[in-house]
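What follows is input30.pdb (PDB, C-alpha atoms).
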MODEL        1
ATOM      1  CA  MET A   1     -51.545   8.662 -23.753
ATOM      2  CA  THR A   2     -52.728   5.499 -25.544
ATOM      3  CA  TYR A   3     -52.003   4.126 -28.995
ATOM      4  CA  TYR A   4     -55.418   5.320 -30.226
ATOM      5  CA  ASP A   5     -54.794   8.796 -28.820
ATOM      6  CA  ASP A   6     -51.536   8.916 -30.806
ATOM      7  CA  LEU A   7     -53.372   7.849 -33.967
ATOM      8  CA  THR A   8     -56.055  10.506 -33.689
ATOM      9  CA  LYS A   9     -53.505  13.219 -32.882
ATOM     10  CA  ASP A  10     -51.451  12.463 -35.999
ATOM     11  CA  GLU A  11     -52.797  15.498 -37.878
ATOM     12  CA  LYS A  12     -51.226  14.685 -41.247
ATOM     13  CA  ARG A  13     -52.605  11.125 -41.230
ATOM     14  CA  VAL A  14     -56.102  12.152 -40.167
ATOM     15  CA  THR A  15     -56.281  15.087 -42.585
ATOM     16  CA  ILE A  16     -55.410  13.131 -45.729
ATOM     17  CA  PHE A  17     -57.795  10.280 -44.870
ATOM     18  CA  LYS A  18     -60.525  12.794 -44.053
ATOM     19  CA  GLU A  19     -60.116  14.372 -47.483
ATOM     20  CA  ALA A  20     -60.221  10.982 -49.223
ATOM     21  CA  ILE A  21     -63.356   9.976 -47.320
ATOM     22  CA  LYS A  22     -65.011  13.334 -48.016
ATOM     23  CA  GLN A  23     -64.385  12.861 -51.751
ATOM     24  CA  ASN A  24     -65.511   9.230 -51.950
ATOM     25  CA  ALA A  25     -67.687   7.952 -49.083
ATOM     26  CA  HIS A  26     -71.293   7.315 -50.099
ATOM     27  CA  GLY A  27     -74.017   4.699 -50.006
ATOM     28  CA  LEU A  28     -72.958   1.652 -48.015
ATOM     29  CA  THR A  29     -69.492   2.123 -46.521
ATOM     30  CA  TYR A  30     -67.438  -0.403 -44.560
ATOM     31  CA  ASP A  31     -64.670   0.592 -42.139
ATOM     32  CA  LEU A  32     -62.589  -2.544 -41.596
ATOM     33  CA  GLY A  33     -60.473  -2.566 -38.443
ATOM     34  CA  THR A  34     -62.182   0.584 -37.222
ATOM     35  CA  GLY A  35     -60.242   0.833 -33.935
ATOM     36  CA  SER A  36     -61.138   4.140 -32.300
ATOM     37  CA  GLY A  37     -63.780   4.689 -34.976
ATOM     38  CA  ILE A  38     -62.429   8.036 -36.139
ATOM     39  CA  LEU A  39     -62.618   7.181 -39.849
ATOM     40  CA  ALA A  40     -66.081   5.642 -39.525
ATOM     41  CA  GLY A  41     -67.228   8.834 -37.827
ATOM     42  CA  ILE A  42     -65.930  10.927 -40.714
ATOM     43  CA  ALA A  43     -67.560   8.595 -43.253
ATOM     44  CA  SER A  44     -70.946   8.808 -41.539
ATOM     45  CA  LYS A  45     -71.330  12.406 -42.742
ATOM     46  CA  TYR A  46     -71.242  11.322 -46.393
ATOM     47  CA  ALA A  47     -72.491   7.712 -46.433
ATOM     48  CA  ASP A  48     -76.031   6.476 -45.993
ATOM     49  CA  LYS A  49     -74.902   3.591 -43.785
ATOM     50  CA  VAL A  50     -71.552   2.699 -42.194
ATOM     51  CA  TYR A  51     -70.584  -0.677 -40.771
ATOM     52  CA  ALA A  52     -67.568  -0.443 -38.457
ATOM     53  CA  TYR A  53     -65.816  -3.801 -38.006
ATOM     54  CA  GLU A  54     -63.411  -4.428 -35.122
ATOM     55  CA  ILE A  55     -61.899  -7.667 -33.814
ATOM     56  CA  ASN A  56     -60.873  -6.503 -30.335
ATOM     57  CA  PRO A  57     -63.731  -6.435 -27.782
ATOM     58  CA  LEU A  58     -61.730  -4.251 -25.384
ATOM     59  CA  THR A  59     -61.154  -1.670 -28.109
ATOM     60  CA  ILE A  60     -64.889  -1.659 -28.831
ATOM     61  CA  LYS A  61     -65.755  -1.320 -25.160
ATOM     62  CA  HIS A  62     -63.309   1.447 -24.283
ATOM     63  CA  TYR A  63     -62.995   3.427 -27.536
ATOM     64  CA  THR A  64     -65.230   2.524 -30.476
ATOM     65  CA  LYS A  65     -68.600   2.657 -28.720
ATOM     66  CA  ALA A  66     -67.797   5.867 -26.892
ATOM     67  CA  ASN A  67     -66.605   7.610 -30.031
ATOM     68  CA  LEU A  68     -69.389   6.430 -32.328
ATOM     69  CA  GLN A  69     -72.471   6.465 -30.100
ATOM     70  CA  GLN A  70     -73.484   9.888 -31.424
ATOM     71  CA  TYR A  71     -73.900   8.598 -35.017
ATOM     72  CA  ASN A  72     -77.245   6.980 -35.826
ATOM     73  CA  ASN A  73     -76.120   5.548 -39.192
ATOM     74  CA  ILE A  74     -73.155   3.520 -37.850
ATOM     75  CA  THR A  75     -73.356  -0.098 -36.727
ATOM     76  CA  ILE A  76     -70.389  -1.620 -34.873
ATOM     77  CA  ILE A  77     -69.705  -5.296 -35.537
ATOM     78  CA  GLU A  78     -67.225  -7.344 -33.510
ATOM     79  CA  THR A  79     -65.571  -9.754 -35.929
ATOM     80  CA  ASP A  80     -62.363 -10.760 -37.667
ATOM     81  CA  ALA A  81     -62.618  -8.921 -40.992
ATOM     82  CA  SER A  82     -60.048 -11.257 -42.572
ATOM     83  CA  THR A  83     -62.502 -14.187 -42.363
ATOM     84  CA  HIS A  84     -65.910 -12.501 -41.954
ATOM     85  CA  LYS A  85     -68.671 -13.462 -44.403
ATOM     86  CA  PHE A  86     -70.167 -10.154 -45.480
ATOM     87  CA  THR A  87     -73.815 -10.142 -46.532
ATOM     88  CA  GLU A  88     -73.924  -6.887 -48.532
ATOM     89  CA  LYS A  89     -71.718  -5.475 -51.280
ATOM     90  CA  PRO A  90     -70.281  -2.109 -50.194
ATOM     91  CA  ASP A  91     -69.922   1.013 -52.289
ATOM     92  CA  VAL A  92     -66.823   2.044 -50.345
ATOM     93  CA  VAL A  93     -64.292   0.088 -48.279
ATOM     94  CA  ILE A  94     -62.107   1.921 -45.778
ATOM     95  CA  CYS A  95     -59.312  -0.174 -44.322
ATOM     96  CA  GLU A  96     -56.485   1.627 -42.574
ATOM     97  CA  MET A  97     -54.618  -1.271 -41.026
ATOM     98  CA  LEU A  98     -51.374  -0.085 -42.519
ATOM     99  CA  ASP A  99     -47.825  -0.819 -41.480
ATOM    100  CA  THR A 100     -44.477  -0.423 -43.215
ATOM    101  CA  ALA A 101     -44.393  -2.861 -46.170
ATOM    102  CA  LEU A 102     -47.716  -4.189 -44.763
ATOM    103  CA  ILE A 103     -45.789  -6.767 -42.727
ATOM    104  CA  ASP A 104     -46.996  -6.330 -39.165
ATOM    105  CA  GLU A 105     -50.701  -5.531 -39.695
ATOM    106  CA  GLU A 106     -53.623  -7.450 -41.229
ATOM    107  CA  GLN A 107     -54.301  -5.026 -44.103
ATOM    108  CA  VAL A 108     -53.708  -7.513 -46.922
ATOM    109  CA  PRO A 109     -55.460 -10.547 -45.358
ATOM    110  CA  VAL A 110     -58.453  -8.273 -44.695
ATOM    111  CA  THR A 111     -58.536  -6.649 -48.140
ATOM    112  CA  ASN A 112     -58.038 -10.045 -49.777
ATOM    113  CA  ASN A 113     -61.132 -11.306 -47.970
ATOM    114  CA  ILE A 114     -63.322  -8.328 -48.853
ATOM    115  CA  GLN A 115     -62.639  -8.855 -52.575
ATOM    116  CA  LYS A 116     -65.142 -11.723 -52.512
ATOM    117  CA  TYR A 117     -67.897  -9.294 -51.522
ATOM    118  CA  THR A 118     -67.219  -6.105 -53.488
ATOM    119  CA  LYS A 119     -68.653  -4.722 -56.730
ATOM    120  CA  LYS A 120     -66.688  -3.749 -59.831
ATOM    121  CA  ASP A 121     -66.999  -0.087 -58.883
ATOM    122  CA  THR A 122     -66.391  -0.417 -55.121
ATOM    123  CA  ILE A 123     -63.957   2.291 -54.011
ATOM    124  CA  HIS A 124     -61.085   1.367 -51.681
ATOM    125  CA  ILE A 125     -59.550   3.832 -49.224
ATOM    126  CA  PRO A 126     -56.576   3.688 -49.308
ATOM    127  CA  HIS A 127     -56.183   2.820 -52.962
ATOM    128  CA  SER A 128     -52.698   1.268 -52.716
ATOM    129  CA  THR A 129     -49.215   1.432 -51.255
ATOM    130  CA  TYR A 130     -45.760   1.161 -52.739
ATOM    131  CA  ASP A 131     -42.524   0.228 -51.002
ATOM    132  CA  THR A 132     -38.940   1.363 -51.469
ATOM    133  CA  ILE A 133     -35.612  -0.025 -50.323
ATOM    134  CA  MET A 134     -32.202   1.439 -49.530
ATOM    135  CA  ILE A 135     -28.997  -0.040 -48.159
ATOM    136  CA  GLY A 136     -26.885   1.707 -45.536
ATOM    137  CA  GLN A 137     -25.275   1.678 -42.139
ATOM    138  CA  THR A 138     -26.640   1.966 -38.592
ATOM    139  CA  ASN A 139     -25.654   0.781 -35.132
ATOM    140  CA  ILE A 140     -28.830  -1.284 -34.524
ATOM    141  CA  THR A 141     -28.901  -5.006 -33.748
ATOM    142  CA  ASN A 142     -32.674  -5.587 -33.985
ATOM    143  CA  ILE A 143     -35.410  -4.637 -36.462
ATOM    144  CA  THR A 144     -36.327  -1.057 -35.567
ATOM    145  CA  TYR A 145     -38.813   1.584 -36.729
ATOM    146  CA  GLN A 146     -37.152   4.897 -37.500
ATOM    147  CA  GLU A 147     -38.843   7.920 -35.907
ATOM    148  CA  ASN A 148     -37.712  11.510 -36.469
ATOM    149  CA  ASN A 149     -34.620  10.144 -38.281
ATOM    150  CA  LYS A 150     -33.609   8.149 -35.209
ATOM    151  CA  PRO A 151     -31.761   5.835 -35.125
ATOM    152  CA  ASN A 152     -29.420   7.495 -37.591
ATOM    153  CA  PHE A 153     -29.176   5.780 -40.987
ATOM    154  CA  LYS A 154     -26.248   6.493 -43.324
ATOM    155  CA  GLU A 155     -27.430   6.077 -46.896
ATOM    156  CA  TYR A 156     -25.284   4.013 -49.251
ATOM    157  CA  SER A 157     -27.700   3.760 -52.203
ATOM    158  CA  GLU A 158     -30.542   5.515 -53.955
ATOM    159  CA  GLU A 159     -34.090   4.820 -52.797
ATOM    160  CA  THR A 160     -35.532   2.173 -55.130
ATOM    161  CA  LYS A 161     -39.142   1.042 -55.530
ATOM    162  CA  TYR A 162     -39.524  -2.743 -55.306
ATOM    163  CA  ASN A 163     -43.200  -3.495 -54.643
ATOM    164  CA  GLU A 164     -46.736  -2.138 -55.073
ATOM    165  CA  THR A 165     -49.965  -3.372 -53.469
ATOM    166  CA  ILE A 166     -53.347  -2.353 -54.902
ATOM    167  CA  PHE A 167     -56.159  -3.029 -52.449
ATOM    168  CA  ARG A 168     -58.964  -3.549 -54.949
ATOM    169  CA  GLU A 169     -57.043  -6.630 -56.126
ATOM    170  CA  LYS A 170     -56.286  -9.909 -54.381
ATOM    171  CA  ASN A 171     -52.630  -9.894 -53.381
ATOM    172  CA  ASN A 172     -50.115 -12.635 -52.695
ATOM    173  CA  THR A 173     -49.099 -12.187 -49.059
ATOM    174  CA  HIS A 174     -45.709 -13.839 -49.595
ATOM    175  CA  ILE A 175     -43.167 -11.336 -50.886
ATOM    176  CA  GLN A 176     -39.891 -12.621 -52.339
ATOM    177  CA  LYS A 177     -37.685 -10.131 -54.181
ATOM    178  CA  GLU A 178     -34.155  -9.888 -55.494
ATOM    179  CA  ILE A 179     -33.153  -6.243 -55.736
ATOM    180  CA  THR A 180     -29.902  -4.847 -57.113
ATOM    181  CA  LEU A 181     -28.648  -1.532 -55.706
ATOM    182  CA  THR A 182     -25.500   0.456 -56.458
ATOM    183  CA  SER A 183     -23.307   1.734 -53.627
ATOM    184  CA  LYS A 184     -22.784   5.510 -53.725
ATOM    185  CA  LYS A 185     -19.627   5.328 -51.639
ATOM    186  CA  THR A 186     -16.966   3.095 -50.138
ATOM    187  CA  GLY A 187     -17.499   1.731 -46.645
ATOM    188  CA  THR A 188     -19.420  -0.905 -44.685
ATOM    189  CA  ILE A 189     -23.140  -1.638 -45.038
ATOM    190  CA  ASN A 190     -25.180  -3.490 -42.443
ATOM    191  CA  THR A 191     -28.814  -2.319 -42.686
ATOM    192  CA  ILE A 192     -31.724  -2.329 -45.116
ATOM    193  CA  LYS A 193     -34.259   0.508 -44.929
ATOM    194  CA  LEU A 194     -37.843  -0.032 -46.127
ATOM    195  CA  THR A 195     -40.157   2.951 -46.669
ATOM    196  CA  THR A 196     -43.839   2.803 -47.587
ATOM    197  CA  TYR A 197     -45.840   5.465 -49.420
ATOM    198  CA  THR A 198     -49.645   5.421 -49.329
ATOM    199  CA  ARG A 199     -51.937   6.357 -52.200
ATOM    200  CA  VAL A 200     -54.970   7.229 -50.106
ATOM    201  CA  THR A 201     -56.640   7.918 -53.444
ATOM    202  CA  GLU A 202     -55.014   7.801 -56.858
ATOM    203  CA  GLN A 203     -54.369  11.544 -56.492
ATOM    204  CA  LEU A 204     -53.636  11.823 -52.740
ATOM    205  CA  ILE A 205     -50.259  10.344 -51.790
ATOM    206  CA  THR A 206     -48.513  10.534 -48.426
ATOM    207  CA  GLY A 207     -45.205   9.335 -47.107
ATOM    208  CA  PRO A 208     -44.608   8.214 -43.528
ATOM    209  CA  THR A 209     -46.191  10.168 -40.664
ATOM    210  CA  PRO A 210     -45.611   9.661 -36.917
ATOM    211  CA  MET A 211     -48.351   6.976 -36.796
ATOM    212  CA  LEU A 212     -48.437   5.846 -40.426
ATOM    213  CA  ASN A 213     -45.721   3.586 -41.808
ATOM    214  CA  PRO A 214     -42.546   4.877 -40.116
ATOM    215  CA  PRO A 215     -39.488   3.588 -42.043
ATOM    216  CA  LEU A 216     -38.322   0.116 -41.059
ATOM    217  CA  LEU A 217     -34.625  -0.595 -40.436
ATOM    218  CA  ILE A 218     -33.560  -4.238 -40.827
ATOM    219  CA  PRO A 219     -30.041  -5.223 -39.731
ATOM    220  CA  THR A 220     -28.113  -7.537 -42.078
ATOM    221  CA  LYS A 221     -24.686  -9.115 -42.119
ATOM    222  CA  GLU A 222     -21.903  -6.578 -42.582
ATOM    223  CA  LYS A 223     -20.434  -6.189 -46.043
ATOM    224  CA  LYS A 224     -17.617  -3.948 -47.199
ATOM    225  CA  VAL A 225     -18.445  -2.172 -50.449
ATOM    226  CA  LYS A 226     -16.781   0.174 -52.900
ATOM    227  CA  LYS A 227     -18.308   3.157 -54.649
ATOM    228  CA  GLY A 228     -20.152   1.973 -57.756
ATOM    229  CA  GLU A 229     -20.319  -1.653 -56.606
ATOM    230  CA  LYS A 230     -23.519  -3.592 -57.335
ATOM    231  CA  ILE A 231     -25.231  -5.062 -54.256
ATOM    232  CA  LYS A 232     -27.759  -7.905 -54.575
ATOM    233  CA  ILE A 233     -30.372  -8.071 -51.836
ATOM    234  CA  GLN A 234     -32.613 -11.069 -51.186
ATOM    235  CA  LEU A 235     -35.733  -9.944 -49.311
ATOM    236  CA  LYS A 236     -38.565 -12.176 -48.095
ATOM    237  CA  TYR A 237     -41.502 -11.582 -45.738
ATOM    238  CA  ILE A 238     -45.212 -12.266 -45.308
ATOM    239  CA  MET A 239     -47.649  -9.344 -45.438
ATOM    240  CA  GLY A 240     -49.684  -9.660 -42.256
ATOM    241  CA  GLY A 241     -47.333 -12.347 -40.964
ATOM    242  CA  GLY A 242     -45.354 -10.191 -38.543
ATOM    243  CA  LEU A 243     -41.810  -8.880 -38.383
ATOM    244  CA  ASN A 244     -40.460 -12.320 -37.508
ATOM    245  CA  THR A 245     -41.177 -13.433 -41.095
ATOM    246  CA  ILE A 246     -38.545 -11.078 -42.523
ATOM    247  CA  GLN A 247     -35.556 -12.800 -44.117
ATOM    248  CA  THR A 248     -32.687 -10.969 -45.802
ATOM    249  CA  ASP A 249     -29.379 -11.673 -47.454
ATOM    250  CA  ILE A 250     -26.913  -9.351 -49.213
ATOM    251  CA  GLN A 251     -24.211 -10.250 -51.705
TER
ENDMDL
END
Mind turning the file's structure into structure tokens?
Amino acid sequence: MTYYDDLTKDEKRVTIFKEAIKQNAHGLTYDLGTGSGILAGIASKYADKVYAYEINPLTIKHYTKANLQQYNNITIIETDASTHKFTEKPDVVICEMLDTALIDEEQVPVTNNIQKYTKKDTIHIPHSTYDTIMIGQTNITNITYQENNKPNFKEYSEETKYNETIFREKNNTHIQKEITLTSKKTGTINTIKLTTYTRVTEQLITGPTPMLNPPLLIPTKEKKVKKGEKIKIQLKYIMGGGLNTIQTDIQ
């Protein structure tokens, strides 16, 4: 089974995006980073015209064309949507290039670029994301995505929101935050957990699914803490820059 098969079989992810597209797709709709084309295919039922943009020629050859050939109102364009010069202003922009905290995918560089070509009333799907942070303990030594609560993460703080990204706006890709958390117990902390929630529309919100923003565990230096102790976390990364841009410090 391929990555694109996993994406299309993630029922929760597909269902909530399908509902958002059904409610909003119309007129001229762009699907940026279309991949398998599943969202473009859904949009074609409600939009007059859909442009499906994809950077990877092998993806287009083996997946996008095969999945979208039945739709006569979809045009596939091979291009880098983060630098592409669009010639028409869309009514709707679909861009599901999501990743936890938007670090390891091109969502923000792409949505930043499209802002130069949208109208005041252009609708963005998804609308936004927001990120939360916790501190705790695991036995990992490398940055790891958590799937089905594995690896195990022992929580030492409440989940705290630290960032929000609205896709109809131009966003600074460089995130630098100082967050203060309070330890709920005495022990040793060594891991930060980031979780991303997606507002597919302003009313439709989803947490992580198997193929949408699984929580990200980031190992840190060990620190002994006492119940009620304040913990300062320095967190830096580049949205779209990759996991190797993550920098952390705890005090």
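Distance-wise, CA of Thr209 (chain A) and CA of Ala101 (chain A) end up 14.3 Å apart.
With distances taken from (-34.3, 4.3, -45.4) and restricted to all atoms listed in the file, the residues inside 7 Å are Ile133, Met134, Phe153, Lys193, Leu194, Thr195, Pro215 and Leu217 of chain A.
Between CA of Lys119 (chain A) and CA of Ala43 (chain A) lies a distance of 19.0 Å.
The two atoms in question, CA of Tyr197 (chain A) and CA of Glu164 (chain A), are spaced 9.5 Å apart.
Residues of protein, DNA and RNA with at least one atom no farther than 8 Å from (-63.1, 6.0, -42.8) are, using all atoms listed in the file, Phe17, Lys18, Ile21, Tyr30, Asp31, Thr34, Gly37, Ile38, Leu39, Ala40, Gly41, Ile42, Ala43, Ile94, Cys95, Glu96 and Ile125 of chain A.
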What residues come out when you apply the PyMOL selection byres ((chain A and resi 176) around 12) to this file, written as a PyMOL selection string? chain A and resi 162-163+172-175+177-179+233-239+245-249
Would you kindly return, as a PyMOL selection string, each protein, DNA or RNA residue with an atom no farther than 10 Å from any atom of Leu98 (chain A), considering all atoms listed in the file and excluding same-chain residues fewer than 4 positions away? chain A and resi 102-108+126+129+196+198+211-213+240
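Using all atoms listed in the file for every distance, the candidate list A:Pro109, A:Gln69, A:Thr182, A:Asp91 yields A:Pro109 as the residue closest to Gly33 (chain A).
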Do you know which residues are at most 8 Å from Thr64 (chain A) counting only C-alpha atoms, after dropping those on the same chain fewer than 4 positions away, and could you put them as a PDB file with C-alpha atoms, in the coordinates of the input?
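Result went into selection34.pdb, see below:
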ATOM      1  CA  THR A  34     -62.182   0.584 -37.222  1.00  0.00           C
ATOM      2  CA  GLY A  35     -60.242   0.833 -33.935  1.00  0.00           C
ATOM      3  CA  SER A  36     -61.138   4.140 -32.300  1.00  0.00           C
ATOM      4  CA  GLY A  37     -63.780   4.689 -34.976  1.00  0.00           C
ATOM      5  CA  THR A  59     -61.154  -1.670 -28.109  1.00  0.00           C
ATOM      6  CA  ILE A  60     -64.889  -1.659 -28.831  1.00  0.00           C
ATOM      7  CA  LEU A  68     -69.389   6.430 -32.328  1.00  0.00           C
ATOM      8  CA  ILE A  76     -70.389  -1.620 -34.873  1.00  0.00           C
TER       9      ILE A  76
END
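Using only C-alpha atoms, the shortest contact distance between Ala20 (chain A) and any of A:Ile135, A:Ile250, A:Ile123, A:Val225 is found at A:Ile123.
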Could you expand the PyMOL selection byres ((chain A and resi 158) around 8) into the explicit residues it covers here, written as an MDAnalysis selection string? chainID A and resid 134 155:157 159:160 181:182 184
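Considering the residues A:Tyr145, A:Tyr117, A:Tyr63, A:Tyr53 and counting all atoms listed in the file, Thr75 (chain A) has its shortest atom-to-atom contact with A:Tyr53.
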When distances are computed from all atoms listed in the file, which of A:Gly27, A:Tyr130, A:Ile189, A:Ile74 shows the smallest separation from Lys161 (chain A)? A:Tyr130
